Every structure is written in C-alpha cells, then in structure tokens.
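Here's work.txt, which has compact mmCIF, C-alpha atoms and all ligand atoms:
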# COMPACT_ATOMS: atom_id res chain seq x y z
CA MET A 1 114.22 116.03 95.59
CA ALA A 2 110.42 116.07 96.14
CA GLU A 3 109.69 117.72 92.78
CA ARG A 4 110.99 114.66 90.92
CA LYS A 5 108.41 112.38 92.55
CA PRO A 6 105.13 111.79 90.73
CA VAL A 7 101.97 113.70 91.43
CA LEU A 8 99.58 111.38 93.26
CA ILE A 9 96.03 111.53 91.94
CA VAL A 10 93.43 109.95 94.17
CA GLY A 11 90.45 108.75 92.11
CA ALA A 12 90.18 107.51 88.52
CA GLY A 13 86.87 109.25 87.91
CA PRO A 14 86.55 111.67 84.99
CA VAL A 15 88.34 114.48 86.83
CA GLY A 16 91.25 112.37 88.08
CA MET A 17 91.72 110.86 84.62
CA VAL A 18 91.63 114.26 82.89
CA ALA A 19 94.17 115.58 85.41
CA ALA A 20 96.39 112.56 84.72
CA ALA A 21 96.18 113.12 80.96
CA ALA A 22 96.77 116.87 81.21
CA LEU A 23 99.78 116.48 83.55
CA SER A 24 101.28 113.62 81.57
CA ARG A 25 101.02 115.71 78.40
CA ARG A 26 103.15 118.32 80.15
CA GLY A 27 105.81 115.80 81.11
CA VAL A 28 104.75 115.31 84.74
CA PRO A 29 104.73 111.70 86.01
CA VAL A 30 101.50 110.69 87.74
CA THR A 31 100.35 107.83 89.91
CA VAL A 32 96.56 107.40 89.93
CA LEU A 33 95.22 105.54 92.97
CA GLU A 34 91.71 104.18 92.49
CA ALA A 35 89.78 102.42 95.23
CA GLY A 36 87.66 100.38 92.81
CA ALA A 37 88.77 97.18 91.10
CA GLU A 38 88.06 98.84 87.76
CA LEU A 39 86.78 102.10 86.28
CA SER A 40 83.26 102.95 87.41
CA GLY A 41 80.47 102.00 84.98
CA GLU A 42 77.80 103.99 86.83
CA MET A 43 75.21 105.97 84.89
CA ARG A 44 75.92 109.48 86.16
CA GLY A 45 76.79 112.71 84.33
CA SER A 46 76.35 112.69 80.56
CA THR A 47 76.67 116.29 79.39
CA PHE A 48 79.82 117.76 77.87
CA HIS A 49 79.82 121.45 77.05
CA ALA A 50 81.65 123.10 74.15
CA PRO A 51 84.79 124.34 75.96
CA THR A 52 85.13 121.00 77.76
CA LEU A 53 85.17 119.29 74.37
CA ASP A 54 87.82 121.75 73.20
CA MET A 55 89.93 120.72 76.22
CA LEU A 56 89.32 117.02 75.66
CA ASP A 57 90.29 117.52 72.04
CA ASP A 58 93.65 118.90 73.17
CA LEU A 59 94.08 115.69 75.19
CA GLY A 60 93.21 113.52 72.17
CA ALA A 61 89.92 112.28 73.63
CA ALA A 62 87.18 114.33 71.97
CA GLN A 63 86.84 112.48 68.69
CA ALA A 64 86.25 109.14 70.40
CA MET A 65 83.73 110.78 72.74
CA ILE A 66 81.86 112.34 69.81
CA ALA A 67 81.84 108.99 68.02
CA GLN A 68 80.23 107.36 71.08
CA GLY A 69 77.83 110.16 72.00
CA ILE A 70 75.04 112.29 70.60
CA VAL A 71 75.74 115.75 69.24
CA ALA A 72 72.91 117.90 70.62
CA PRO A 73 72.83 121.19 68.72
CA ARG A 74 69.72 122.56 70.42
CA LEU A 75 68.54 123.35 73.92
CA GLN A 76 64.92 123.95 74.80
CA TYR A 77 63.02 125.43 77.68
CA ARG A 78 59.38 124.46 77.86
CA SER A 79 56.59 124.91 80.33
CA ARG A 80 54.17 122.07 80.88
CA ASP A 81 51.16 124.18 80.01
CA GLN A 82 52.58 126.46 77.29
CA GLY A 83 54.99 124.26 75.32
CA ILE A 84 58.26 125.70 73.99
CA VAL A 85 59.20 129.00 75.63
CA GLY A 86 62.81 129.20 74.40
CA ASP A 87 64.63 127.31 71.68
CA PHE A 88 68.39 127.82 71.36
CA ASP A 89 70.90 126.73 68.73
CA PHE A 90 74.47 126.22 70.00
CA GLY A 91 75.63 126.71 66.40
CA VAL A 92 75.86 130.46 67.10
CA LEU A 93 78.92 129.70 69.26
CA ALA A 94 80.95 128.58 66.23
CA ASP A 95 82.89 131.86 66.49
CA VAL A 96 84.30 130.92 69.91
CA THR A 97 84.57 127.10 70.04
CA ARG A 98 85.55 124.20 67.82
CA HIS A 99 82.55 122.25 69.20
CA PRO A 100 79.44 124.44 69.04
CA TYR A 101 77.02 121.96 70.62
CA ARG A 102 76.41 119.90 73.74
CA LEU A 103 77.66 116.34 73.58
CA GLN A 104 75.48 113.80 75.35
CA CYS A 105 77.78 110.93 76.27
CA GLU A 106 77.98 108.99 79.54
CA GLN A 107 80.96 109.92 81.70
CA PHE A 108 82.10 106.29 81.99
CA LYS A 109 82.99 106.44 78.28
CA LEU A 110 85.39 109.32 78.93
CA THR A 111 87.29 107.49 81.67
CA ARG A 112 87.69 104.45 79.43
CA ILE A 113 88.92 106.53 76.49
CA LEU A 114 91.47 108.28 78.71
CA TYR A 115 92.53 105.01 80.29
CA ASP A 116 93.27 103.58 76.84
CA LEU A 117 95.29 106.68 75.97
CA LEU A 118 97.27 106.60 79.23
CA ARG A 119 97.74 102.98 80.25
CA ASP A 120 101.04 102.41 78.37
CA LYS A 121 102.44 105.92 78.62
CA PRO A 122 105.82 106.25 80.31
CA GLY A 123 105.47 108.09 83.60
CA VAL A 124 101.83 107.10 84.09
CA SER A 125 100.83 104.48 86.64
CA ILE A 126 97.16 103.70 87.27
CA ARG A 127 96.56 101.41 90.22
CA PHE A 128 93.22 99.79 91.02
CA ASN A 129 92.19 98.32 94.39
CA ALA A 130 94.23 101.15 95.88
CA ARG A 131 91.95 102.81 98.43
CA VAL A 132 93.70 105.75 100.06
CA ALA A 133 93.11 105.85 103.81
CA GLY A 134 95.05 109.00 104.58
CA CYS A 135 97.72 111.40 103.43
CA THR A 136 100.42 113.55 104.98
CA ASP A 137 101.95 116.75 103.67
CA HIS A 138 105.61 116.73 104.77
CA GLY A 139 106.30 120.19 103.42
CA ASP A 140 108.77 118.98 100.80
CA GLY A 141 106.61 116.10 99.58
CA VAL A 142 103.51 114.07 100.34
CA GLU A 143 102.76 110.54 101.40
CA ALA A 144 99.58 108.60 100.79
CA VAL A 145 98.73 105.58 102.91
CA LEU A 146 96.57 102.89 101.39
CA GLU A 147 94.08 100.87 103.38
CA ASP A 148 96.46 97.88 103.36
CA GLY A 149 99.20 100.03 104.91
CA THR A 150 101.23 100.58 101.71
CA ARG A 151 102.88 104.01 101.69
CA ILE A 152 103.37 105.91 98.45
CA GLU A 153 105.43 109.07 98.13
CA GLY A 154 104.68 111.91 95.79
CA SER A 155 105.44 115.55 95.15
CA TYR A 156 101.80 116.72 95.38
CA ILE A 157 98.52 114.94 96.00
CA LEU A 158 95.32 115.71 94.13
CA GLY A 159 92.04 114.68 95.73
CA ALA A 160 89.84 113.83 92.75
CA ASP A 161 88.11 111.34 94.98
CA GLY A 162 84.50 112.49 94.70
CA ALA A 163 82.01 114.27 96.92
CA ARG A 164 82.93 112.38 100.10
CA SER A 165 86.61 113.03 99.39
CA PRO A 166 88.76 111.29 102.03
CA ILE A 167 91.59 113.64 100.99
CA ARG A 168 89.48 116.73 101.72
CA LYS A 169 88.44 115.26 105.07
CA ALA A 170 91.98 114.18 106.01
CA SER A 171 93.09 117.76 105.32
CA ASN A 172 90.29 119.22 107.47
CA ILE A 173 89.04 121.39 104.62
CA GLU A 174 85.46 122.46 105.23
CA PHE A 175 82.80 121.68 102.60
CA GLU A 176 80.57 124.70 102.97
CA GLY A 177 77.01 124.91 101.68
CA PHE A 178 73.69 123.14 101.98
CA THR A 179 71.67 120.10 100.94
CA TRP A 180 68.33 120.47 99.15
CA PRO A 181 65.41 118.83 101.00
CA GLU A 182 64.16 117.05 97.88
CA ARG A 183 66.09 114.28 96.11
CA PHE A 184 66.39 113.87 92.35
CA LEU A 185 65.18 110.76 90.57
CA VAL A 186 66.62 109.83 87.17
CA LEU A 187 64.65 107.32 85.12
CA SER A 188 66.09 106.06 81.84
CA THR A 189 63.99 104.55 79.08
CA PRO A 190 64.65 103.27 75.56
CA PHE A 191 61.31 104.85 74.58
CA ASP A 192 61.95 107.60 72.03
CA PHE A 193 60.15 110.73 73.23
CA ALA A 194 61.28 112.62 70.10
CA GLU A 195 58.96 110.49 68.00
CA HIS A 196 55.98 111.51 70.12
CA ILE A 197 56.61 115.08 71.30
CA PRO A 198 56.71 117.42 68.29
CA ASP A 199 59.98 119.28 67.76
CA LEU A 200 61.54 118.01 70.99
CA ALA A 201 65.23 118.97 71.35
CA ASP A 202 67.71 116.40 72.72
CA VAL A 203 67.98 118.51 75.87
CA SER A 204 64.68 119.95 77.11
CA TYR A 205 63.90 121.51 80.47
CA TYR A 206 60.26 121.74 81.54
CA ALA A 207 59.23 124.40 84.06
CA ASP A 208 56.26 123.60 86.24
CA PRO A 209 55.12 124.85 89.66
CA GLU A 210 53.99 121.35 90.72
CA GLU A 211 56.73 119.15 89.29
CA TRP A 212 59.40 120.39 86.89
CA PHE A 213 61.45 117.81 85.02
CA PHE A 214 63.92 117.50 82.20
CA LEU A 215 64.40 115.16 79.28
CA LEU A 216 67.82 114.44 77.93
CA ARG A 217 68.91 112.01 75.26
CA VAL A 218 71.95 109.75 75.52
CA PRO A 219 72.79 107.01 73.01
CA GLY A 220 69.92 104.51 72.99
CA LEU A 221 68.08 106.04 75.94
CA TRP A 222 66.22 109.09 77.17
CA ARG A 223 66.95 110.16 80.72
CA ALA A 224 64.18 111.96 82.61
CA MET A 225 64.90 113.72 85.88
CA PHE A 226 62.27 114.60 88.48
CA PRO A 227 62.42 116.13 91.96
CA VAL A 228 61.11 113.90 94.77
CA ALA A 229 59.65 115.47 97.91
CA ALA A 230 61.54 114.90 101.17
CA GLU A 231 58.72 112.93 102.81
CA VAL A 232 58.55 110.20 100.11
CA PRO A 233 60.46 107.09 101.32
CA ASP A 234 63.42 106.06 99.10
CA GLU A 235 61.99 102.57 98.42
CA GLU A 236 58.77 104.03 97.06
CA THR A 237 60.58 106.18 94.49
CA LEU A 238 62.21 103.13 92.96
CA THR A 239 58.95 101.23 92.34
CA GLU A 240 57.33 100.78 88.95
CA ALA A 241 54.19 102.56 90.15
CA PHE A 242 56.17 105.67 91.09
CA GLY A 243 57.83 105.74 87.66
CA ARG A 244 54.49 105.31 85.93
CA ILE A 245 53.07 108.35 87.71
CA ARG A 246 56.12 110.48 86.79
CA PHE A 247 56.07 109.50 83.10
CA GLY A 248 52.27 109.73 83.04
CA ARG A 249 52.52 113.36 84.03
CA ILE A 250 54.69 114.10 81.00
CA GLY A 251 51.75 112.76 79.00
CA ALA A 252 49.12 110.11 79.88
CA GLN A 253 50.28 108.06 76.88
CA PHE A 254 53.78 107.75 78.41
CA ALA A 255 52.77 106.12 81.73
CA ASP A 256 53.83 102.65 80.61
CA VAL A 257 57.18 103.38 79.00
CA PRO A 258 59.75 100.77 80.08
CA VAL A 259 62.30 101.89 82.66
CA ARG A 260 65.91 100.70 82.19
CA HIS A 261 67.67 102.45 85.09
CA ARG A 262 66.49 104.21 88.22
CA THR A 263 68.81 106.41 90.24
CA LEU A 264 67.77 108.44 93.25
CA TYR A 265 70.23 110.85 94.71
CA ARG A 266 70.61 113.63 97.20
CA VAL A 267 71.55 117.00 95.81
CA HIS A 268 73.84 119.53 97.45
CA GLN A 269 75.36 122.92 96.80
CA ARG A 270 78.75 122.85 98.48
CA VAL A 271 82.20 124.28 97.83
CA ALA A 272 85.41 123.42 99.67
CA LYS A 273 86.83 126.28 101.70
CA THR A 274 90.03 126.06 99.65
CA PHE A 275 91.12 124.05 96.61
CA ARG A 276 94.77 124.13 97.75
CA LEU A 277 96.34 123.53 101.13
CA GLY A 278 100.13 123.23 100.86
CA ARG A 279 100.79 120.21 98.66
CA VAL A 280 97.20 118.99 98.83
CA LEU A 281 94.94 119.97 95.94
CA LEU A 282 91.25 119.32 95.32
CA ALA A 283 89.33 119.14 92.04
CA GLY A 284 85.94 118.01 90.75
CA ASP A 285 83.30 116.74 93.17
CA ALA A 286 85.89 116.66 95.95
CA ALA A 287 86.02 120.46 95.63
CA HIS A 288 82.44 121.36 94.68
CA ILE A 289 79.04 119.80 94.15
CA ASN A 290 75.85 121.30 92.77
CA ASN A 291 72.51 120.28 91.35
CA PRO A 292 72.70 118.83 87.83
CA LEU A 293 70.48 121.46 86.15
CA GLY A 294 72.77 122.81 83.49
CA GLY A 295 75.30 119.96 83.60
CA MET A 296 77.94 122.12 85.25
CA GLY A 297 79.45 119.91 87.99
CA LEU A 298 81.30 117.40 85.87
CA ASN A 299 82.28 120.04 83.29
CA GLY A 300 83.53 122.34 86.04
CA GLY A 301 85.60 119.42 87.35
CA VAL A 302 87.25 118.95 83.97
CA HIS A 303 87.95 122.69 83.85
CA ASP A 304 89.57 122.41 87.31
CA ALA A 305 91.80 119.55 86.18
CA VAL A 306 93.01 121.38 83.07
CA ASN A 307 93.56 124.67 84.91
CA LEU A 308 95.47 122.87 87.66
CA ALA A 309 97.71 120.99 85.21
CA GLU A 310 98.64 124.29 83.53
CA ARG A 311 99.92 125.58 86.88
CA LEU A 312 101.20 122.43 88.57
CA ALA A 313 103.36 121.40 85.57
CA PRO A 314 105.66 124.47 85.64
CA VAL A 315 105.84 124.24 89.44
CA TRP A 316 106.78 120.57 89.23
CA HIS A 317 109.42 121.28 86.57
CA GLY A 318 110.90 123.99 88.78
CA GLU A 319 109.98 126.73 86.32
CA ALA A 320 107.52 128.53 88.61
CA ALA A 321 107.08 129.12 92.33
CA SER A 322 104.49 127.05 94.19
CA GLU A 323 102.45 130.23 94.79
CA LEU A 324 101.17 129.72 91.24
CA LEU A 325 98.96 127.01 92.73
CA ASP A 326 97.11 129.64 94.74
CA GLN A 327 95.98 131.09 91.44
CA TYR A 328 94.32 127.74 90.71
CA ASP A 329 92.36 128.14 93.94
CA ARG A 330 91.47 131.77 93.26
CA GLN A 331 90.38 131.15 89.69
CA ARG A 332 88.56 127.86 89.99
CA ARG A 333 87.05 128.38 93.43
CA GLY A 334 86.19 131.94 92.44
CA VAL A 335 84.12 130.96 89.41
CA THR A 336 82.65 127.92 91.14
CA VAL A 337 81.10 130.22 93.74
CA GLU A 338 80.31 133.14 91.44
CA HIS A 339 79.12 131.26 88.40
CA VAL A 340 78.43 127.53 88.86
CA GLN A 341 76.76 127.66 92.26
CA ARG A 342 74.75 130.78 91.44
CA GLN A 343 73.71 129.55 87.99
CA THR A 344 72.66 126.04 89.04
CA ILE A 345 70.61 127.41 91.94
CA ALA A 346 68.94 129.91 89.57
CA ASN A 347 68.26 127.12 87.03
CA LYS A 348 66.40 125.14 89.68
CA GLN A 349 64.47 128.16 90.93
CA ASN A 350 63.40 129.11 87.39
CA LEU A 351 61.99 125.65 86.71
CA GLU A 352 60.19 125.23 90.04
CA ALA A 353 58.86 128.81 90.48
CA LYS A 354 55.40 128.78 92.04
CA ASP A 355 54.70 132.50 91.88
CA PRO A 356 52.80 133.20 88.61
CA GLU A 357 54.69 136.48 88.20
CA ALA A 358 58.07 134.72 88.42
CA GLN A 359 56.87 132.04 85.97
CA ARG A 360 55.73 134.68 83.52
CA ALA A 361 58.99 136.62 83.84
CA PHE A 362 61.01 133.45 83.15
CA ARG A 363 58.93 132.57 80.09
CA GLU A 364 59.19 136.09 78.71
CA ARG A 365 62.93 136.23 79.36
CA MET A 366 63.50 132.94 77.55
CA ALA A 367 61.31 133.94 74.62
CA ALA A 368 62.96 137.34 74.23
CA THR A 369 66.47 135.89 74.62
CA SER A 370 65.99 133.14 72.06
CA ALA A 371 64.45 135.60 69.58
CA ASP A 372 67.40 138.03 69.71
CA PRO A 373 70.66 136.65 68.18
CA ALA A 374 72.97 138.86 70.29
CA ARG A 375 71.18 137.95 73.54
CA ALA A 376 71.04 134.29 72.56
CA HIS A 377 74.79 134.30 71.92
CA GLU A 378 75.48 135.87 75.30
CA PHE A 379 73.09 133.47 77.03
CA LEU A 380 74.70 130.40 75.44
CA LEU A 381 78.16 131.61 76.46
CA GLY A 382 76.88 131.30 80.03
CA VAL A 383 75.03 128.00 79.55
CA SER A 384 78.06 126.35 77.94
CA MET A 385 80.39 127.71 80.67
CA ILE A 386 82.52 129.76 78.26
CA SER A 387 81.78 132.89 80.31
CA SER A 388 82.91 131.18 83.51
CA LEU A 389 86.23 130.23 81.87
CA ARG A 390 86.67 133.79 80.60
CA ARG A 391 85.95 135.11 84.07
CA ALA A 392 88.44 132.67 85.62
CA ALA A 393 91.14 133.82 83.21
CA GLU A 394 90.62 137.42 84.41
CA ILE A 395 91.34 136.50 88.05
CA ALA A 396 95.02 137.18 88.85
C1 LIG B 401 74.06 109.17 91.38
C2 LIG B 401 74.68 110.34 90.67
C3 LIG B 401 74.10 110.82 89.51
C4 LIG B 401 74.65 111.91 88.85
N1 LIG B 401 74.04 112.37 87.74
C5 LIG B 401 74.53 113.45 87.14
C6 LIG B 401 73.88 114.00 86.02
O1 LIG B 401 72.82 113.51 85.59
N2 LIG B 401 74.42 115.09 85.42
C7 LIG B 401 75.58 115.66 85.89
O2 LIG B 401 76.06 116.66 85.31
N3 LIG B 401 76.23 115.16 86.94
C8 LIG B 401 75.72 114.10 87.59
N4 LIG B 401 76.34 113.61 88.68
C9 LIG B 401 77.59 114.26 89.10
C10 LIG B 401 78.80 113.73 88.32
O3 LIG B 401 78.71 112.33 88.21
C11 LIG B 401 80.05 114.18 89.03
O4 LIG B 401 80.13 115.60 88.95
C12 LIG B 401 81.34 113.57 88.45
O5 LIG B 401 81.34 112.17 88.58
C13 LIG B 401 82.56 114.14 89.17
O6 LIG B 401 83.71 113.47 88.79
P1 LIG B 401 84.90 113.26 89.81
O7 LIG B 401 85.96 112.58 89.01
O8 LIG B 401 85.21 114.53 90.50
O9 LIG B 401 84.35 112.29 90.95
P2 LIG B 401 83.81 110.81 90.85
O10 LIG B 401 83.23 110.53 89.53
O11 LIG B 401 82.97 110.60 92.06
O12 LIG B 401 85.13 109.92 90.96
C14 LIG B 401 85.81 109.77 92.17
C15 LIG B 401 86.68 108.51 92.09
O13 LIG B 401 87.46 108.45 93.28
C16 LIG B 401 87.46 107.13 93.76
N5 LIG B 401 87.71 107.16 95.20
C17 LIG B 401 86.89 107.62 96.18
N6 LIG B 401 87.48 107.47 97.37
C18 LIG B 401 88.72 106.96 97.13
C19 LIG B 401 89.80 106.60 97.96
N7 LIG B 401 89.75 106.72 99.30
N8 LIG B 401 90.91 106.09 97.39
C20 LIG B 401 91.00 105.95 96.05
N9 LIG B 401 89.99 106.26 95.22
C21 LIG B 401 88.87 106.77 95.76
C22 LIG B 401 86.07 106.60 93.39
O14 LIG B 401 86.06 105.18 93.36
C23 LIG B 401 85.86 107.23 92.03
O15 LIG B 401 86.35 106.42 90.98
C24 LIG B 401 75.82 112.54 89.37
C25 LIG B 401 76.40 112.05 90.52
C26 LIG B 401 75.84 110.98 91.19
C27 LIG B 401 76.47 110.50 92.47

Would you mind writing the structure in this file as structure tokens?
Amino acid sequence: MAERKPVLIVGAGPVGMVAAAALSRRGVPVTVLEAGAELSGEMRGSTFHAPTLDMLDDLGAAQAMIAQGIVAPRLQYRSRDQGIVGDFDFGVLADVTRHPYRLQCEQFKLTRILYDLLRDKPGVSIRFNARVAGCTDHGDGVEAVLEDGTRIEGSYILGADGARSPIRKASNIEFEGFTWPERFLVLSTPFDFAEHIPDLADVSYYADPEEWFFLLRVPGLWRAMFPVAAEVPDEETLTEAFGRIRFGRIGAQFADVPVRHRTLYRVHQRVAKTFRLGRVLLAGDAAHINNPLGGMGLNGGVHDAVNLAERLAPVWHGEAASELLDQYDRQRRGVTVEHVQRQTIANKQNLEAKDPEAQRAFRERMAATSADPARAHEFLLGVSMISSLRRAAEIA
C-alpha cells in the first residue's frame, strides 16, 4: 500500500531538513535525498523570526540555534543623511511568541543541528550523493530516479530542492514572476560596526536614493548588503576596490575594513503556480523566491515545511483525505503571494525610493510607527511574519 512507503524529500537544505523533522515527529518515515556529498556550508540566509523559532523549538532545535547565534532584540531603519528614522524593540511581541526577537544565525547551523537530531532516528534515512534526476507520480505512489539510475519508491515526494528545483521542472509547474535587473552583493567583515556607529542595532536598514544597504550582525561578523547595477560586470563586484568603495560610502573611515566573504547573487520574485500537484509537493525556494529584505524567504520555507507536515501526516496515516494537501497549497501559496512577495517588494522600494516625497513619507511613517506602542506592535507582527501565519490559518 503506497501510504506505508516513506515520504521522499529531495534536498537536505533547511526546508527539507525541517520537513523531515516535522514529519518524523508525527510518525511518518522519510527518506531525504541530497545531491551534495555533505550538508551545505554556504553563507546564505541568517535570519530567524520569532514564530520560526517557536516552530524550531517544537522540533527540539531552537535552543541549540540560540546558543550558536545572536539574539537581536532591536530593528532599525535609518536614512544615510538623517540617521535613525525608526527604532523597534521585538520585546513587545512577548505576548504572542516565546521568542520575542530576531535570531541571527547562519542557516548551515540549523541543518547540522537537525541532522544530529535525525540521523539515528528510526524511520529516517538521509542519503548524500543522491542527486535526483527525475520523478514520476504513479497515482498510488511516487518514484524518484537518481542520476546513477537507482529508483526509489515513496508515498509522496517533496521538492525542497532549491530555486532551480528539478522536481518543480520535472512536474512542469511554472515559476511565475520576475528577476530584478540589479544583483545583490553581500560583503562580510569581522570589523565591528557597533563600536563605531552610535546606537547601531544588530539589524539596520539604510534607505538612500543612490545606494541603500543594510547591516546585519552574525556571530563574529557583520554582513553588509548592497545593490549592484546591472551594467557592472560580475568580476568587478568581487574586487577589493569595489568593496572599498561600498564600505567607504557607509563612512570614509570604513573603506579599508577587511572583507571575509563576498557573495554576489541575482534576486527574483517568483512563486510556483501550485505547491501541490498530485503526490508532488513543493516547499521553500523550490516554491517561492524573493529578495532578502526582511529575511522572509527562508522563514517562509520553514513555515511551509511545518504546515505541510501537519497535513501530510494525517493523510499518510490514513486519517484524512488527500484533499487536505490542497489546503497546504491554498494557505502557503496564498500568503506567499499576498504577504511575502508584496512585503519584500515594498521593503526594497522603501529603501531605494528616489522621489523626495516618497522618502519623506517613509521616514515619517517609520518615526510615527515606532513612537506609538500599538502601531509598533502591529508593525512587528508583520515584520516577524506572525501576521502572515495568522492569515494562512484563516484560509480554509
Ligand atoms: C547566494 C545566496 C545568498 C542568500 N542570502 C540570503 C540572505 O542573506 N538572507 C536570506 O533570508 N536568504 C538568503 N538566501 C536565500 C536562502 O538561502 C534560501 O531561502 C534558503 O536556502 C532556502 O532553503 P531551501 O531548503 O528551500 O533550499 P536550499 O537551501 O537551496 O536547499 C536545497 C537543497 O537541495 C539540494 N538539491 C538541489 N537539487 C537536487 C537534486 N536534484 N537532488 C537532490 N538534492 C538536490 C541542494 O544541494 C540543497 O542542499 C540566499 C540564497 C542564495 C543562493
């Protein structure tokens, strides 16, 4: 009987590993198929919002994350010429979350923590060097084919295989949206900006009509992100001179800070046409990608994985009809379009606004919101994605 076969999870990134943990906790066997020889160690997402930490806590992973990360209680909006325009304290969310802050912790730490929790669990198999080349939905089960020809049967298959998702492509699911013309450059430095910029919060967004940027602290490093115009060749952006100019614009005294990592990447706003097609499911970057302003992509992926596990587990156990999986699509795709895509696009537009009237309106809105406790609470519910989860729960 197909339902007794494991759920195949393609990709041992943060979303695949959270899905594995959440399904395993509900008694569903999983086989994780990861193309790489080991878990990725790439410097990528590093922001975990309050409700995501609540979910990770339920999976037994939050304490280790907190121990390896930085608790960032404040969020700041600044403008290059006018300094702080809004200063927010996540502590006001203590009435709705067990973790009223942002945790700054590299995503590769999460996958390792989950791997350690799962590796010896009965019913969990995590296979490396297992690149999935294709998959077939047989109606009563699925089959994944690895690059080396090995065939693996499962009850359902979850594509948690990143933005280029071979599972999404094999299922002919459109990835609708657009790509921004500029790329984003992330430069990491051990230089401590907090010692030199008065009252700097661990997460600070700077609006500027010429070149917005943000500063974000992770353990031992500050990460600075800048937009790079389309016409600048990739190679040039990765030179020391290019980094010096970017840091020098934050302040002339910062031009020579040492750079530890440089990452240039293309930024998209895309959502898969559906998150469920028969026995094929999508989550995380395979299902949606957005710009990183607000740290919503990775968090949204974790929310997908937890939502899906809550529905797939009763279906797998034969306690609910498979139509319950359509609710996963309606809820998670619904809020991805309504909330995450809209919010991340607005975040970018607020920081880069060239029209003086729009800049002034943004500054005034931030100042008024941070000065009013009720508005600040409402605003932080949105920033930390609690509102998007509440909205998802309202969708039938
Ligand atoms: C360069 C870069 C920088 C980023 N920086 C930020 C940031 O600063 N802030 C932020 O919020 N987000 C950032 N992101 C986005 C964030 O990293 C993603 O949202 C997050 O990794 C999504 O997790 P995921 O598990 O869905 O996918 P991924 O992390 O991409 O994991 C997918 C996994 O699937 C595996 N895989 C792929 N194909 C196959 C296959 N055929 N068979 C088996 N396995 C396969 C991959 O090896 C990988 O392990 C960044 C992304 C990139 C690319």

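Nearest residue to ligand LIG 401 (chain B) among A:Arg375, A:Arg168, A:Arg390, A:Arg249 is A:Arg168, counting all atoms listed in the file.
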
Excluding Pro29 (chain A) and its own-chain neighbours fewer than 2 positions away, which residues fall within 7 Å of it when counting all atoms listed in the file? Please give them as a PyMOL selection string. chain A and resi 6-7+24+27+123-124

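With all atoms listed in the file as the atoms that count, the minimum distance from ligand LIG 401 (chain B) to the choices A:Glu378, A:Glu106, A:Asp256, A:Glu210 is reached by A:Glu106.
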
Rank nothing, just name the residue among A:Pro227, A:His261, A:Ile9, A:Val186 nearest to Glu153 (chain A), using only C-alpha atoms. A:Ile9

Exercise answer, 8 Å around ligand LIG 401 (chain B) with all atoms listed in the file, as a ChimeraX atom specification: /A:10-17,33-36,39-40,42-47,107,129-134,146,160-167,186,225,263-265,283-287,289,291-299,301

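Distance annotation: of A:Gly251, A:Pro198, A:Pro233, A:Gly159, the residue with the minimal separation from Leu308 (chain A) is A:Gly159; atom set is all atoms listed in the file.
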
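Taking only C-alpha atoms into account, Ile197 (chain A) lies nearest to A:Gly83 out of the set A:Pro100, A:Gly83, A:Thr52, A:Arg276.
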
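Taking CA of Glu310 (chain A) and CA of Val335 (chain A) as endpoints, the distance between them is 17.0 Å.
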
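Once Ala272 (chain A) and its same-chain neighbours fewer than 2 positions away are set aside, Ile173, Glu174, Phe175, Glu176, Arg270, Thr274, Phe275, Ala287 and His288 of chain A remain within 7 Å of it when counting only C-alpha atoms.
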
Kindly indicate which residue among A:Arg78, A:His317, A:Arg26, A:His49 lies nearest to Leu351 (chain A), using all atoms listed in the file for the distances. A:Arg78

Proximity of region 31-133 of chain A to region 219-224 of chain A: per-residue shortest pair, 9 Å limit, only C-alpha atoms, as CSV:
residue,atom,partner,partner_atom,distance
A:Gln68,CA,A:Pro219,CA,7.7
A:Gly69,CA,A:Pro219,CA,6.0
A:Ile70,CA,A:Pro219,CA,6.2
A:Gln104,CA,A:Pro219,CA,7.7
A:Cys105,CA,A:Pro219,CA,7.1
A:Glu106,CA,A:Pro219,CA,8.6

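Across the structure, CA of Gly334 (chain A) and CA of Glu319 (chain A) are spaced 25.1 Å apart.
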
So how far away is CA of His303 (chain A) from CA of Pro51 (chain A), in Å? 8.7 Å

Neighbourhood query: residues within 8 Å of (58.4, 115.8, 80.7), file coordinates, counting all atoms listed in the file; return as a PyMOL selection string. chain A and resi 80+205-206+212-215+224+247+249-251

When you look at Leu8 (chain A) with a cut-off of 7 Å (counting all atoms listed in the file), what residues show up, excluding the ones that are within fewer than 5 positions of it in the same chain? I need them as JSON, numbers by chain. {"A": [30, 31, 32, 154, 156, 157, 158]}

Kindly provide, as a ChimeraX atom specification, the polymer residues lying within 9 Å of (71.4, 128.0, 74.3), counting only C-alpha atoms and using the coordinates exactly as they appear in the file. /A:73-76,86-90,92,370,376-384

Would you place a box with edges along x, y and z of the file around all atoms of region 149-157 of chain A listed there, add 4 Å to each of its six sides, and report the centre and edge lengths in Å to one decimal, as AutoDock Vina command-line options?
--center_x 102.0 --center_y 108.4 --center_z 100.0 --size_x 14.9 --size_y 24.7 --size_z 17.8

Would you mind completing region 364-377 of chain A to N, CA and C atoms and writing the output as a CSV table (one decimal), in the frame of the given file?
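Result went into selection13.csv, see below:
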chain,number,residue,atom,x,y,z
A,364,GLU,N,59.0,134.9,79.6
A,364,GLU,CA,59.2,136.1,78.7
A,364,GLU,C,60.7,136.3,78.4
A,365,ARG,N,61.5,136.1,79.5
A,365,ARG,CA,62.9,136.2,79.4
A,365,ARG,C,63.5,135.2,78.4
A,366,MET,N,63.0,134.0,78.5
A,366,MET,CA,63.5,132.9,77.6
A,366,MET,C,63.1,133.2,76.1
A,367,ALA,N,61.8,133.7,76.0
A,367,ALA,CA,61.3,133.9,74.6
A,367,ALA,C,62.1,135.1,74.0
A,368,ALA,N,62.3,136.2,74.8
A,368,ALA,CA,63.0,137.3,74.2
A,368,ALA,C,64.4,137.0,73.9
A,369,THR,N,65.1,136.2,74.8
A,369,THR,CA,66.5,135.9,74.6
A,369,THR,C,66.7,135.0,73.4
A,370,SER,N,65.8,134.0,73.2
A,370,SER,CA,66.0,133.1,72.1
A,370,SER,C,65.7,133.8,70.7
A,371,ALA,N,64.8,134.9,70.8
A,371,ALA,CA,64.4,135.6,69.6
A,371,ALA,C,65.5,136.6,69.1
A,372,ASP,N,66.4,137.0,70.0
A,372,ASP,CA,67.4,138.0,69.7
A,372,ASP,C,68.8,137.4,69.6
A,373,PRO,N,69.4,137.4,68.4
A,373,PRO,CA,70.7,136.6,68.2
A,373,PRO,C,71.8,137.1,69.1
A,374,ALA,N,71.9,138.4,69.4
A,374,ALA,CA,73.0,138.9,70.3
A,374,ALA,C,72.7,138.4,71.7
A,375,ARG,N,71.5,138.4,72.2
A,375,ARG,CA,71.2,138.0,73.5
A,375,ARG,C,71.3,136.4,73.6
A,376,ALA,N,70.9,135.7,72.6
A,376,ALA,CA,71.0,134.3,72.6
A,376,ALA,C,72.5,133.9,72.6
A,377,HIS,N,73.4,134.6,71.9
A,377,HIS,CA,74.8,134.3,71.9
A,377,HIS,C,75.3,134.5,73.3
